[in-house]
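Reproduced below: run_26.json, with JSON, C-alpha atoms and all ligand atoms.
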```
[["chain", "number", "residue", "atom", "x", "y", "z"],
["A", 1, "MET", "CA", -4.24, 20.60, 1.60],
["A", 2, "THR", "CA", -7.06, 22.49, -0.17],
["A", 3, "VAL", "CA", -10.58, 21.51, 0.82],
["A", 4, "PRO", "CA", -13.84, 23.35, 0.10],
["A", 5, "SER", "CA", -14.45, 26.09, 2.68],
["A", 6, "HIS", "CA", -17.71, 24.52, 3.77],
["A", 7, "SER", "CA", -18.93, 20.99, 3.31],
["A", 8, "THR", "CA", -20.66, 18.33, 5.36],
["A", 9, "HIS", "CA", -17.30, 16.62, 5.76],
["A", 10, "ASP", "CA", -15.37, 19.57, 7.22],
["A", 11, "ALA", "CA", -13.21, 18.22, 10.03],
["A", 12, "LEU", "CA", -11.06, 19.96, 12.62],
["A", 13, "GLU", "CA", -7.48, 20.19, 11.37],
["A", 14, "ASP", "CA", -5.33, 17.43, 12.86],
["A", 15, "GLU", "CA", -1.65, 17.38, 11.93],
["A", 16, "ARG", "CA", -1.37, 13.72, 12.97],
["A", 17, "ASN", "CA", -3.29, 12.78, 9.82],
["A", 18, "GLN", "CA", -0.26, 13.67, 7.70],
["A", 19, "ASN", "CA", 1.59, 10.69, 9.18],
["A", 20, "ILE", "CA", -1.07, 8.00, 9.30],
["A", 21, "LYS", "CA", -0.52, 4.42, 8.21],
["A", 22, "ILE", "CA", -2.78, 2.84, 5.62],
["A", 23, "TYR", "CA", -3.83, -0.78, 5.17],
["A", 24, "ILE", "CA", -3.48, -2.29, 1.70],
["A", 25, "ASN", "CA", -4.17, -6.00, 1.26],
["A", 26, "GLY", "CA", -2.60, -7.03, 4.56],
["A", 27, "ASP", "CA", 0.27, -4.52, 4.56],
["A", 28, "ILE", "CA", 0.16, -1.42, 6.72],
["A", 29, "VAL", "CA", 2.33, 1.30, 5.21],
["A", 30, "PRO", "CA", 2.99, 5.03, 5.67],
["A", 31, "ARG", "CA", 0.52, 7.30, 3.88],
["A", 32, "ASP", "CA", 2.97, 8.44, 1.19],
["A", 33, "GLN", "CA", 3.77, 4.83, 0.29],
["A", 34, "ALA", "CA", 0.13, 3.69, 0.10],
["A", 35, "LYS", "CA", -0.47, 3.07, -3.58],
["A", 36, "VAL", "CA", -2.66, 0.86, -5.76],
["A", 37, "SER", "CA", -2.14, -0.14, -9.38],
["A", 38, "VAL", "CA", -3.34, 2.04, -12.26],
["A", 39, "TYR", "CA", -4.95, -1.21, -13.44],
["A", 40, "ASP", "CA", -7.07, -1.39, -10.30],
["A", 41, "SER", "CA", -10.80, -1.84, -11.04],
["A", 42, "GLY", "CA", -11.66, 0.90, -8.55],
["A", 43, "PHE", "CA", -9.35, 3.43, -10.20],
["A", 44, "MET", "CA", -10.23, 2.42, -13.75],
["A", 45, "LEU", "CA", -14.02, 1.96, -13.46],
["A", 46, "GLY", "CA", -15.21, 2.86, -9.99],
["A", 47, "ASP", "CA", -15.86, -0.87, -9.61],
["A", 48, "GLY", "CA", -15.79, -1.28, -5.84],
["A", 49, "MET", "CA", -17.74, -0.72, -2.62],
["A", 50, "TRP", "CA", -16.85, 1.22, 0.50],
["A", 51, "GLU", "CA", -18.02, 2.00, 4.01],
["A", 52, "GLY", "CA", -17.39, 5.04, 6.19],
["A", 53, "MET", "CA", -17.31, 4.09, 9.88],
["A", 54, "ARG", "CA", -16.46, 5.70, 13.20],
["A", 55, "LEU", "CA", -14.34, 4.37, 16.05],
["A", 56, "TYR", "CA", -15.07, 5.42, 19.64],
["A", 57, "ASN", "CA", -13.58, 3.85, 22.76],
["A", 58, "GLY", "CA", -11.85, 1.28, 20.58],
["A", 59, "LYS", "CA", -15.17, 0.08, 19.08],
["A", 60, "TRP", "CA", -16.65, 0.56, 15.63],
["A", 61, "ALA", "CA", -20.10, 2.14, 15.87],
["A", 62, "PHE", "CA", -22.83, 0.05, 14.22],
["A", 63, "PHE", "CA", -20.27, -2.37, 12.77],
["A", 64, "ASP", "CA", -22.88, -5.06, 11.97],
["A", 65, "GLU", "CA", -25.11, -2.61, 10.10],
["A", 66, "HIS", "CA", -22.17, -1.39, 8.00],
["A", 67, "MET", "CA", -21.14, -4.97, 7.25],
["A", 68, "ASP", "CA", -24.73, -5.88, 6.29],
["A", 69, "ARG", "CA", -24.72, -3.13, 3.68],
["A", 70, "LEU", "CA", -21.20, -3.87, 2.45],
["A", 71, "PHE", "CA", -21.75, -7.60, 2.04],
["A", 72, "ASN", "CA", -25.17, -7.12, 0.46],
["A", 73, "SER", "CA", -23.66, -4.68, -2.05],
["A", 74, "CYS", "CA", -20.70, -6.94, -2.84],
["A", 75, "LYS", "CA", -22.95, -9.96, -3.28],
["A", 76, "ALA", "CA", -25.22, -8.01, -5.62],
["A", 77, "VAL", "CA", -22.30, -7.26, -7.97],
["A", 78, "ALA", "CA", -20.50, -10.58, -7.48],
["A", 79, "LEU", "CA", -17.51, -8.92, -5.83],
["A", 80, "GLU", "CA", -15.57, -11.48, -3.80],
["A", 81, "THR", "CA", -14.42, -9.68, -0.66],
["A", 82, "GLY", "CA", -11.66, -12.14, 0.22],
["A", 83, "LEU", "CA", -12.27, -11.44, 3.93],
["A", 84, "ASP", "CA", -15.32, -12.31, 5.99],
["A", 85, "ARG", "CA", -16.69, -9.97, 8.68],
["A", 86, "ALA", "CA", -14.23, -11.25, 11.29],
["A", 87, "GLY", "CA", -11.36, -10.79, 8.83],
["A", 88, "ILE", "CA", -12.45, -7.23, 8.14],
["A", 89, "LEU", "CA", -12.67, -6.52, 11.86],
["A", 90, "ASP", "CA", -9.14, -7.92, 12.32],
["A", 91, "ALA", "CA", -7.86, -5.69, 9.49],
["A", 92, "LEU", "CA", -9.55, -2.64, 11.04],
["A", 93, "SER", "CA", -8.13, -3.48, 14.48],
["A", 94, "ALA", "CA", -4.61, -3.95, 13.10],
["A", 95, "THR", "CA", -4.81, -0.60, 11.28],
["A", 96, "ALA", "CA", -6.11, 1.17, 14.39],
["A", 97, "ALA", "CA", -3.33, -0.40, 16.49],
["A", 98, "ALA", "CA", -0.63, 0.59, 13.98],
["A", 99, "ASN", "CA", -1.92, 4.16, 14.14],
["A", 100, "ASP", "CA", -2.45, 4.13, 17.91],
["A", 101, "MET", "CA", -6.05, 5.21, 17.33],
["A", 102, "THR", "CA", -8.95, 4.42, 19.64],
["A", 103, "HIS", "CA", -11.34, 7.38, 19.68],
["A", 104, "ASP", "CA", -12.79, 10.04, 17.37],
["A", 105, "VAL", "CA", -11.59, 8.18, 14.32],
["A", 106, "HIS", "CA", -13.19, 7.95, 10.88],
["A", 107, "CYS", "CA", -12.30, 5.20, 8.46],
["A", 108, "ARG", "CA", -12.91, 4.61, 4.80],
["A", 109, "LEU", "CA", -12.89, 0.90, 4.11],
["A", 110, "MET", "CA", -12.71, 0.19, 0.37],
["A", 111, "ILE", "CA", -12.98, -3.07, -1.52],
["A", 112, "THR", "CA", -12.52, -3.12, -5.27],
["A", 113, "ARG", "CA", -12.62, -5.98, -7.78],
["A", 114, "GLY", "CA", -8.83, -5.77, -7.85],
["A", 115, "THR", "CA", -6.11, -5.42, -10.46],
["A", 116, "LYS", "CA", -6.97, -6.05, -14.11],
["A", 117, "VAL", "CA", -4.80, -7.85, -16.62],
["A", 118, "LYS", "CA", -5.92, -5.43, -19.36],
["A", 119, "PRO", "CA", -7.32, -1.89, -19.23],
["A", 120, "PHE", "CA", -10.90, -2.83, -20.17],
["A", 121, "GLN", "CA", -14.24, -3.16, -18.47],
["A", 122, "HIS", "CA", -15.01, -6.88, -18.29],
["A", 123, "PRO", "CA", -15.03, -8.02, -14.64],
["A", 124, "ALA", "CA", -13.27, -11.27, -15.62],
["A", 125, "LEU", "CA", -10.18, -9.18, -16.41],
["A", 126, "SER", "CA", -9.81, -8.54, -12.65],
["A", 127, "GLN", "CA", -7.81, -11.62, -11.74],
["A", 128, "SER", "CA", -5.77, -10.59, -8.70],
["A", 129, "GLY", "CA", -8.51, -10.94, -6.09],
["A", 130, "PRO", "CA", -9.90, -7.84, -4.39],
["A", 131, "THR", "CA", -7.97, -4.76, -3.41],
["A", 132, "ILE", "CA", -8.78, -3.89, 0.20],
["A", 133, "VAL", "CA", -7.73, -0.50, 1.53],
["A", 134, "ILE", "CA", -8.39, 1.08, 4.92],
["A", 135, "ILE", "CA", -7.74, 4.77, 5.50],
["A", 136, "MET", "CA", -8.19, 5.90, 9.11],
["A", 137, "GLU", "CA", -7.99, 9.49, 10.22],
["A", 138, "HIS", "CA", -8.32, 11.35, 13.48],
["A", 139, "SER", "CA", -11.62, 13.06, 12.85],
["A", 140, "LYS", "CA", -13.97, 15.41, 14.61],
["A", 141, "PRO", "CA", -16.56, 17.36, 12.60],
["A", 142, "ALA", "CA", -15.76, 21.10, 12.48],
["A", 143, "THR", "CA", -17.73, 23.00, 15.12],
["A", 144, "SER", "CA", -18.74, 25.57, 12.48],
["A", 145, "LEU", "CA", -21.00, 22.91, 10.94],
["A", 146, "HIS", "CA", -23.18, 23.03, 14.02],
["A", 147, "THR", "CA", -23.35, 26.78, 14.29],
["A", 148, "SER", "CA", -23.60, 27.97, 10.71],
["A", 149, "GLY", "CA", -25.18, 24.86, 9.15],
["A", 150, "ILE", "CA", -25.31, 23.82, 5.52],
["A", 151, "ARG", "CA", -26.78, 25.71, 2.56],
["A", 152, "LEU", "CA", -28.51, 23.44, 0.09],
["A", 153, "ALA", "CA", -29.37, 24.09, -3.55],
["A", 154, "THR", "CA", -31.76, 21.89, -5.49],
["A", 155, "VAL", "CA", -29.83, 20.50, -8.44],
["A", 156, "PRO", "CA", -30.82, 19.20, -11.90],
["A", 157, "GLN", "CA", -29.01, 15.89, -11.27],
["A", 158, "VAL", "CA", -31.46, 13.34, -9.84],
["A", 159, "ARG", "CA", -31.06, 9.95, -8.18],
["A", 160, "GLY", "CA", -32.16, 7.49, -10.83],
["A", 161, "LEU", "CA", -34.39, 4.46, -10.91],
["A", 162, "PRO", "CA", -33.00, 1.28, -9.31],
["A", 163, "MET", "CA", -32.62, -0.38, -12.72],
["A", 164, "SER", "CA", -30.05, 2.18, -13.86],
["A", 165, "GLN", "CA", -27.56, 2.30, -10.98],
["A", 166, "ASP", "CA", -29.35, 1.59, -7.73],
["A", 167, "ALA", "CA", -28.61, 4.46, -5.34],
["A", 168, "LYS", "CA", -28.49, 1.91, -2.51],
["A", 169, "PHE", "CA", -25.00, 0.86, -3.63],
["A", 170, "ASN", "CA", -22.27, 2.69, -1.73],
["A", 171, "SER", "CA", -20.07, 2.23, -4.76],
["A", 172, "HIS", "CA", -16.72, 3.76, -5.61],
["A", 173, "SER", "CA", -18.43, 5.31, -8.60],
["A", 174, "LYS", "CA", -19.95, 8.47, -7.14],
["A", 175, "LEU", "CA", -20.10, 10.51, -10.35],
["A", 176, "ASN", "CA", -23.85, 11.01, -9.95],
["A", 177, "CYS", "CA", -23.20, 12.59, -6.54],
["A", 178, "VAL", "CA", -20.12, 14.52, -7.67],
["A", 179, "ILE", "CA", -22.09, 16.12, -10.53],
["A", 180, "ALA", "CA", -24.81, 17.10, -8.04],
["A", 181, "CYS", "CA", -22.20, 18.59, -5.72],
["A", 182, "LEU", "CA", -20.66, 20.62, -8.55],
["A", 183, "GLN", "CA", -24.09, 21.92, -9.55],
["A", 184, "ALA", "CA", -24.75, 22.99, -5.96],
["A", 185, "GLU", "CA", -21.40, 24.73, -5.75],
["A", 186, "GLN", "CA", -22.12, 26.58, -8.99],
["A", 187, "ALA", "CA", -25.40, 27.73, -7.42],
["A", 188, "GLY", "CA", -23.45, 29.13, -4.46],
["A", 189, "ALA", "CA", -24.48, 26.40, -2.00],
["A", 190, "ASP", "CA", -22.55, 23.82, 0.04],
["A", 191, "GLU", "CA", -24.37, 20.66, -0.96],
["A", 192, "GLY", "CA", -26.91, 19.53, -3.56],
["A", 193, "LEU", "CA", -30.47, 18.60, -2.68],
["A", 194, "MET", "CA", -31.42, 15.85, -5.11],
["A", 195, "LEU", "CA", -34.92, 14.94, -6.23],
["A", 196, "ASP", "CA", -36.13, 11.49, -7.29],
["A", 197, "PRO", "CA", -37.28, 10.73, -10.86],
["A", 198, "HIS", "CA", -40.82, 11.86, -9.94],
["A", 199, "GLY", "CA", -39.71, 15.21, -8.54],
["A", 200, "PHE", "CA", -40.07, 14.34, -4.85],
["A", 201, "VAL", "CA", -37.37, 15.46, -2.42],
["A", 202, "ASN", "CA", -34.93, 12.61, -2.00],
["A", 203, "THR", "CA", -31.45, 13.05, -0.51],
["A", 204, "THR", "CA", -28.31, 15.14, -0.82],
["A", 205, "ASN", "CA", -25.17, 14.34, -2.74],
["A", 206, "ALA", "CA", -23.36, 13.04, 0.36],
["A", 207, "CYS", "CA", -25.92, 12.64, 3.15],
["A", 208, "ASN", "CA", -29.55, 11.75, 3.81],
["A", 209, "PHE", "CA", -32.08, 14.54, 4.26],
["A", 210, "PHE", "CA", -34.79, 15.10, 6.88],
["A", 211, "ILE", "CA", -37.28, 17.88, 7.54],
["A", 212, "VAL", "CA", -39.36, 18.68, 10.60],
["A", 213, "ARG", "CA", -42.89, 20.07, 10.17],
["A", 214, "LYS", "CA", -45.13, 20.70, 13.14],
["A", 215, "ASP", "CA", -43.03, 18.35, 15.32],
["A", 216, "GLU", "CA", -43.22, 15.55, 12.73],
["A", 217, "VAL", "CA", -40.03, 14.20, 11.19],
["A", 218, "TRP", "CA", -40.18, 13.46, 7.46],
["A", 219, "THR", "CA", -37.71, 11.79, 5.16],
["A", 220, "SER", "CA", -37.97, 10.27, 1.69],
["A", 221, "THR", "CA", -39.33, 6.77, 1.14],
["A", 222, "GLY", "CA", -35.76, 5.47, 0.83],
["A", 223, "ASP", "CA", -36.45, 4.00, -2.62],
["A", 224, "TYR", "CA", -33.96, 6.24, -4.45],
["A", 225, "CYS", "CA", -31.27, 7.02, -1.90],
["A", 226, "MET", "CA", -28.34, 5.42, -0.17],
["A", 227, "ASN", "CA", -30.01, 3.84, 2.83],
["A", 228, "GLY", "CA", -27.70, 5.42, 5.37],
["A", 229, "VAL", "CA", -27.01, 3.67, 8.65],
["A", 230, "THR", "CA", -27.48, 7.03, 10.40],
["A", 231, "ARG", "CA", -30.77, 7.58, 8.57],
["A", 232, "GLN", "CA", -32.07, 4.24, 9.81],
["A", 233, "LYS", "CA", -30.92, 4.93, 13.37],
["A", 234, "VAL", "CA", -32.70, 8.30, 13.37],
["A", 235, "ILE", "CA", -35.93, 6.66, 12.16],
["A", 236, "GLU", "CA", -35.68, 3.94, 14.83],
["A", 237, "LEU", "CA", -34.86, 6.46, 17.57],
["A", 238, "CYS", "CA", -37.87, 8.59, 16.64],
["A", 239, "ARG", "CA", -40.12, 5.53, 16.72],
["A", 240, "ALA", "CA", -38.78, 4.48, 20.13],
["A", 241, "SER", "CA", -39.13, 7.99, 21.55],
["A", 242, "ASP", "CA", -42.65, 8.83, 20.37],
["A", 243, "ILE", "CA", -41.44, 11.38, 17.84],
["A", 244, "PRO", "CA", -43.75, 11.00, 14.82],
["A", 245, "VAL", "CA", -41.62, 9.97, 11.84],
["A", 246, "TYR", "CA", -42.67, 9.35, 8.25],
["A", 247, "GLU", "CA", -40.85, 7.92, 5.24],
["A", 248, "LYS", "CA", -42.93, 9.47, 2.50],
["A", 249, "ASN", "CA", -43.06, 11.38, -0.74],
["A", 250, "TYR", "CA", -43.02, 15.14, -0.35],
["A", 251, "SER", "CA", -42.07, 18.01, -2.60],
["A", 252, "LEU", "CA", -39.99, 21.15, -2.38],
["A", 253, "TYR", "CA", -43.19, 22.93, -1.33],
["A", 254, "GLU", "CA", -43.04, 21.16, 2.04],
["A", 255, "ALA", "CA", -39.25, 21.33, 2.28],
["A", 256, "TYR", "CA", -39.20, 25.12, 1.81],
["A", 257, "GLY", "CA", -41.92, 25.47, 4.44],
["A", 258, "ALA", "CA", -40.23, 23.18, 6.99],
["A", 259, "ASP", "CA", -39.62, 24.32, 10.57],
["A", 260, "GLU", "CA", -36.26, 22.51, 10.67],
["A", 261, "ALA", "CA", -34.10, 20.50, 8.30],
["A", 262, "PHE", "CA", -31.02, 18.39, 8.90],
["A", 263, "LEU", "CA", -28.67, 15.95, 7.18],
["A", 264, "THR", "CA", -27.54, 12.58, 8.45],
["A", 265, "GLY", "CA", -24.33, 10.66, 7.87],
["A", 266, "THR", "CA", -21.73, 8.69, 9.77],
["A", 267, "PHE", "CA", -19.20, 11.51, 9.60],
["A", 268, "GLY", "CA", -21.30, 14.39, 10.93],
["A", 269, "ALA", "CA", -24.21, 12.55, 12.65],
["A", 270, "GLN", "CA", -26.88, 15.26, 12.31],
["A", 271, "THR", "CA", -25.95, 18.52, 10.61],
["A", 272, "PRO", "CA", -28.30, 21.50, 10.46],
["A", 273, "VAL", "CA", -29.52, 22.90, 7.14],
["A", 274, "THR", "CA", -29.95, 26.66, 7.22],
["A", 275, "THR", "CA", -31.18, 27.44, 3.70],
["A", 276, "ILE", "CA", -32.63, 25.62, 0.71],
["A", 277, "ASP", "CA", -32.37, 27.53, -2.58],
["A", 278, "GLY", "CA", -31.75, 30.70, -0.59],
["A", 279, "LYS", "CA", -34.87, 30.25, 1.54],
["A", 280, "ARG", "CA", -34.20, 30.29, 5.26],
["A", 281, "ILE", "CA", -35.35, 27.12, 7.10],
["A", 282, "GLY", "CA", -36.42, 27.80, 10.67],
["A", 283, "ASP", "CA", -34.87, 30.55, 12.69],
["A", 284, "TYR", "CA", -32.09, 28.80, 14.53],
["A", 285, "ASP", "CA", -28.34, 29.09, 14.79],
["A", 286, "GLY", "CA", -27.67, 25.39, 14.38],
["A", 287, "LEU", "CA", -30.13, 22.60, 14.99],
["A", 288, "GLY", "CA", -33.74, 23.37, 15.87],
["A", 289, "PRO", "CA", -35.37, 21.84, 18.97],
["A", 290, "VAL", "CA", -36.62, 18.57, 17.45],
["A", 291, "SER", "CA", -33.37, 17.99, 15.55],
["A", 292, "LYS", "CA", -31.40, 18.78, 18.70],
["A", 293, "ARG", "CA", -33.35, 16.15, 20.64],
["A", 294, "ILE", "CA", -32.66, 13.60, 17.89],
["A", 295, "ARG", "CA", -28.97, 14.47, 17.95],
["A", 296, "GLN", "CA", -28.88, 13.92, 21.70],
["A", 297, "LEU", "CA", -30.67, 10.56, 21.37],
["A", 298, "TYR", "CA", -28.28, 9.56, 18.60],
["A", 299, "SER", "CA", -25.16, 10.45, 20.57],
["A", 300, "GLU", "CA", -26.49, 8.40, 23.51],
["A", 301, "LEU", "CA", -27.08, 5.47, 21.16],
["A", 302, "VAL", "CA", -23.53, 5.71, 19.77],
["A", 303, "ALA", "CA", -22.14, 5.84, 23.31],
["A", 304, "GLU", "CA", -24.19, 2.75, 24.24],
["A", 305, "ASN", "CA", -23.12, 0.92, 21.07],
["A", 306, "THR", "CA", -19.42, 1.64, 21.65],
["A", 307, "ALA", "CA", -19.34, 1.29, 25.47],
["A", 401, "LIG", "C1", -24.69, 9.41, -1.01],
["A", 401, "LIG", "C2", -24.69, 9.15, 0.45],
["A", 401, "LIG", "N1", -25.83, 9.30, 1.15],
["A", 401, "LIG", "C3", -25.86, 9.08, 2.48],
["A", 401, "LIG", "C4", -24.74, 8.69, 3.18],
["A", 401, "LIG", "C5", -24.82, 8.47, 4.66],
["A", 401, "LIG", "O1", -24.77, 7.12, 5.00],
["A", 401, "LIG", "P1", -24.36, 6.64, 6.47],
["A", 401, "LIG", "O2", -25.37, 7.23, 7.41],
["A", 401, "LIG", "O3", -24.42, 5.16, 6.41],
["A", 401, "LIG", "O4", -23.00, 7.18, 6.72],
["A", 401, "LIG", "C6", -23.54, 8.49, 2.50],
["A", 401, "LIG", "C7", -22.36, 8.02, 3.20],
["A", 401, "LIG", "O5", -21.53, 7.32, 2.67],
["A", 401, "LIG", "C8", -23.52, 8.72, 1.09],
["A", 401, "LIG", "O6", -22.40, 8.53, 0.37]]
```

Mind turning the file's structure into structure tokens?
Ligand SMILES: Cc1ncc(COP(=O)(O)O)c(C=O)c1O
Amino acid sequence: MTVPSHSTHDALEDERNQNIKIYINGDIVPRDQAKVSVYDSGFMLGDGMWEGMRLYNGKWAFFDEHMDRLFNSCKAVALETGLDRAGILDALSATAAANDMTHDVHCRLMITRGTKVKPFQHPALSQSGPTIVIIMEHSKPATSLHTSGIRLATVPQVRGLPMSQDAKFNSHSKLNCVIACLQAEQAGADEGLMLDPHGFVNTTNACNFFIVRKDEVWTSTGDYCMNGVTRQKVIELCRASDIPVYEKNYSLYEAYGADEAFLTGTFGAQTPVTTIDGKRIGDYDGLGPVSKRIRQLYSELVAENTA
């Protein structure tokens, strides 16, 4: 399998993932038999929503928060999920059991508007009910992510205004992010740092973005980015631990001059950023001191949540 040499989703190789079983609409089938129709709304239009979640000790971390986002997103686009929260939990549990997975697992839960009767856009053409797919893999972030960190490049692609396609949707359609990622790669970086329509620093193509300046933690207002569950947990942990934290507008001027920078996401928790547009951030191999403290607090919170 060819994957980019360095990305925020680099995982340790695990041969077991070649033989996983995948959930599709109630069936759990071997990976090479897991297929959806070419008429599926997700394939044809990116018309679907998804969640990335982690399983530790047989429990899904921050399950309620992920379901809040998923159900809010589906409601906003009139996507009937077919399953309620308990039904989704049952489907996740059945998939985990079929794979004999309990710990260090990452799942991608996807719900699309389902199979269309004709290859056109109108949502009413999706008449099969939703397509629900769960892919679970054994997953530990690559250790190199924590030693060498991520190189960011600011990209021309921005996160748009909420009345175009609200960035808060974790939709199947990720073309906006994919374009940003390609632009970053062309600039010789690992991930794209995206601005908002006003030019303030916003988020990256796959994670949320934080800086640390003089022991203060700053992140964007949240108006133009995916409101990550990990992002919210970091903000709450800072507040509870007397670490000054601000959701505010700031520009590249402050990002370039930051003492530390890190990314947040369910997959990698907190991942250090080493350079932005070739400018070195801090002088650390891996996370700086404030980011390291946040990572420790976060891992304790995950342990508590999945105990
Ligand atoms: C564009 C984008 N930003 C941020 C995140 C991180 O969100 P979370 O912390 O909920 O995993 C994701 C994860 O899906 C994402 O796709």

How would you write, as an mmCIF file with C-alpha atoms, in the coordinates of the input, the set of residues no farther than 9 Å from ligand LIG 401 (chain A) when counting only C-alpha atoms and all ligand atoms?
```cif
data_model
loop_
_atom_site.group_PDB
_atom_site.id
_atom_site.type_symbol
_atom_site.label_atom_id
_atom_site.label_comp_id
_atom_site.auth_asym_id
_atom_site.auth_seq_id
_atom_site.Cartn_x
_atom_site.Cartn_y
_atom_site.Cartn_z
ATOM 1 C CA TRP A 50 -16.850 1.220 0.500
ATOM 2 C CA GLU A 51 -18.020 2.000 4.010
ATOM 3 C CA GLY A 52 -17.390 5.040 6.190
ATOM 4 C CA MET A 53 -17.310 4.090 9.880
ATOM 5 C CA GLU A 65 -25.110 -2.610 10.100
ATOM 6 C CA HIS A 66 -22.170 -1.390 8.000
ATOM 7 C CA ARG A 69 -24.720 -3.130 3.680
ATOM 8 C CA ALA A 167 -28.610 4.460 -5.340
ATOM 9 C CA LYS A 168 -28.490 1.910 -2.510
ATOM 10 C CA PHE A 169 -25.000 0.860 -3.630
ATOM 11 C CA ASN A 170 -22.270 2.690 -1.730
ATOM 12 C CA SER A 171 -20.070 2.230 -4.760
ATOM 13 C CA LYS A 174 -19.950 8.470 -7.140
ATOM 14 C CA CYS A 177 -23.200 12.590 -6.540
ATOM 15 C CA THR A 203 -31.450 13.050 -0.510
ATOM 16 C CA THR A 204 -28.310 15.140 -0.820
ATOM 17 C CA ASN A 205 -25.170 14.340 -2.740
ATOM 18 C CA ALA A 206 -23.360 13.040 0.360
ATOM 19 C CA CYS A 207 -25.920 12.640 3.150
ATOM 20 C CA ASN A 208 -29.550 11.750 3.810
ATOM 21 C CA PHE A 209 -32.080 14.540 4.260
ATOM 22 C CA CYS A 225 -31.270 7.020 -1.900
ATOM 23 C CA MET A 226 -28.340 5.420 -0.170
ATOM 24 C CA ASN A 227 -30.010 3.840 2.830
ATOM 25 C CA GLY A 228 -27.700 5.420 5.370
ATOM 26 C CA VAL A 229 -27.010 3.670 8.650
ATOM 27 C CA THR A 230 -27.480 7.030 10.400
ATOM 28 C CA ARG A 231 -30.770 7.580 8.570
ATOM 29 C CA GLN A 232 -32.070 4.240 9.810
ATOM 30 C CA LYS A 233 -30.920 4.930 13.370
ATOM 31 C CA LEU A 263 -28.670 15.950 7.180
ATOM 32 C CA THR A 264 -27.540 12.580 8.450
ATOM 33 C CA GLY A 265 -24.330 10.660 7.870
ATOM 34 C CA THR A 266 -21.730 8.690 9.770
ATOM 35 C CA PHE A 267 -19.200 11.510 9.600
ATOM 36 C CA GLY A 268 -21.300 14.390 10.930
ATOM 37 C CA ALA A 269 -24.210 12.550 12.650
#
```

Please report, as a tab-separated table, each residue of stretch 106-169 of chain A lying at most 12 Å from stretch 274-285 of chain A, together with the nearest pair of atoms and the separation in Å rounded to one decimal; use all atoms listed in the file, and order rows by chain and ascending residue number.
```
residue	atom	partner	partner_atom	distance
A:Ser144	CA	A:Asp285	CA	10.5
A:Leu145	CA	A:Asp285	CA	10.3
A:His146	CA	A:Asp285	CA	8.0
A:Thr147	CA	A:Asp285	CA	5.5
A:Ser148	CA	A:Asp285	CA	6.4
A:Gly149	CA	A:Thr274	CA	5.5
A:Ile150	CA	A:Thr274	CA	5.7
A:Arg151	CA	A:Thr275	CA	4.9
A:Leu152	CA	A:Ile276	CA	4.7
A:Ala153	CA	A:Asp277	CA	4.7
A:Thr154	CA	A:Asp277	CA	6.4
A:Val155	CA	A:Asp277	CA	9.5
```

Among A:Cys74, A:Ser126, A:Gln18, A:Val273, A:Asp190 is approached most closely, using all atoms listed in the file, by A:Val273

So, with all atoms listed in the file as the atoms that count, which of A:His198, A:His106, A:Lys248, A:His122 lies closest to A:Tyr56?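 The closest residue to A:Tyr56 is A:His106.
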
Please build the interface table for stretch 113-169 of chain A against stretch 76-98 of chain A with a cut-off of 10 Å, listing for each qualifying residue the nearest atom pair and the distance in Å to one decimal; count only C-alpha atoms, order rows by chain and increasing number, and write it as CSV.
```
residue,atom,partner,partner_atom,distance
A:Arg113,CA,A:Leu79,CA,6.0
A:Gly114,CA,A:Leu79,CA,9.5
A:Pro123,CA,A:Leu79,CA,9.2
A:Gly129,CA,A:Gly82,CA,7.2
A:Pro130,CA,A:Thr81,CA,6.1
A:Thr131,CA,A:Thr81,CA,8.6
A:Ile132,CA,A:Thr81,CA,8.1
A:Val133,CA,A:Ala91,CA,9.5
A:Ile134,CA,A:Leu92,CA,7.3
A:Ile135,CA,A:Thr95,CA,8.4
A:Met136,CA,A:Ala96,CA,7.4
A:Glu137,CA,A:Ala96,CA,9.5
A:Phe169,CA,A:Ala76,CA,9.1
```

Between atom CA of A:Lys59 and atom CA of A:Thr306 lies a distance of 5.2 Å

Neighbour residues at most 12 Å from (-27.7, 16.3, 19.3) (all atoms listed in the file) as a ChimeraX atom specification: /A:146,234,262,264,268-272,286-302

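Atom CA of A:Val105 sits 13.7 Å away from atom CA of A:Ala142.
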
Using all atoms listed in the file, which protein or nucleic acid residues come within 7 Å of A:Ala307? Drop anything in the same chain fewer than 3 positions from it, and give the result as a list in words. Asn57, Ala303 and Glu304 of chain A

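You will find atom CA of A:Leu193 at 20.2 Å from atom CA of A:Glu216.
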
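For the choices A:Gln165, A:Asn305, A:Ser251, A:Gln127, the atom-to-atom distance to A:Ser73 is smallest for A:Gln165 when using all atoms listed in the file.
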
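Comparing the minimum interatomic distances between A:Leu175 and each of A:Asp27, A:Trp60, A:Leu45, A:Ala187, counting all atoms listed in the file, we find that A:Leu45 sits nearest.
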
Need to verify the contact set: A:Asn202, 9 Å, only C-alpha atoms, exclusion of same-chain residues closer than 4 positions in sequence. Can you return it as a list in words?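 Surrounding residues, per the criterion: Val158, Arg159, Leu193, Met194, Leu195, Asp196, Asn208, Phe209, Thr219, Ser220, Thr221, Gly222, Asp223, Tyr224, Cys225, Asn249, Tyr250 and Ser251 of chain A.
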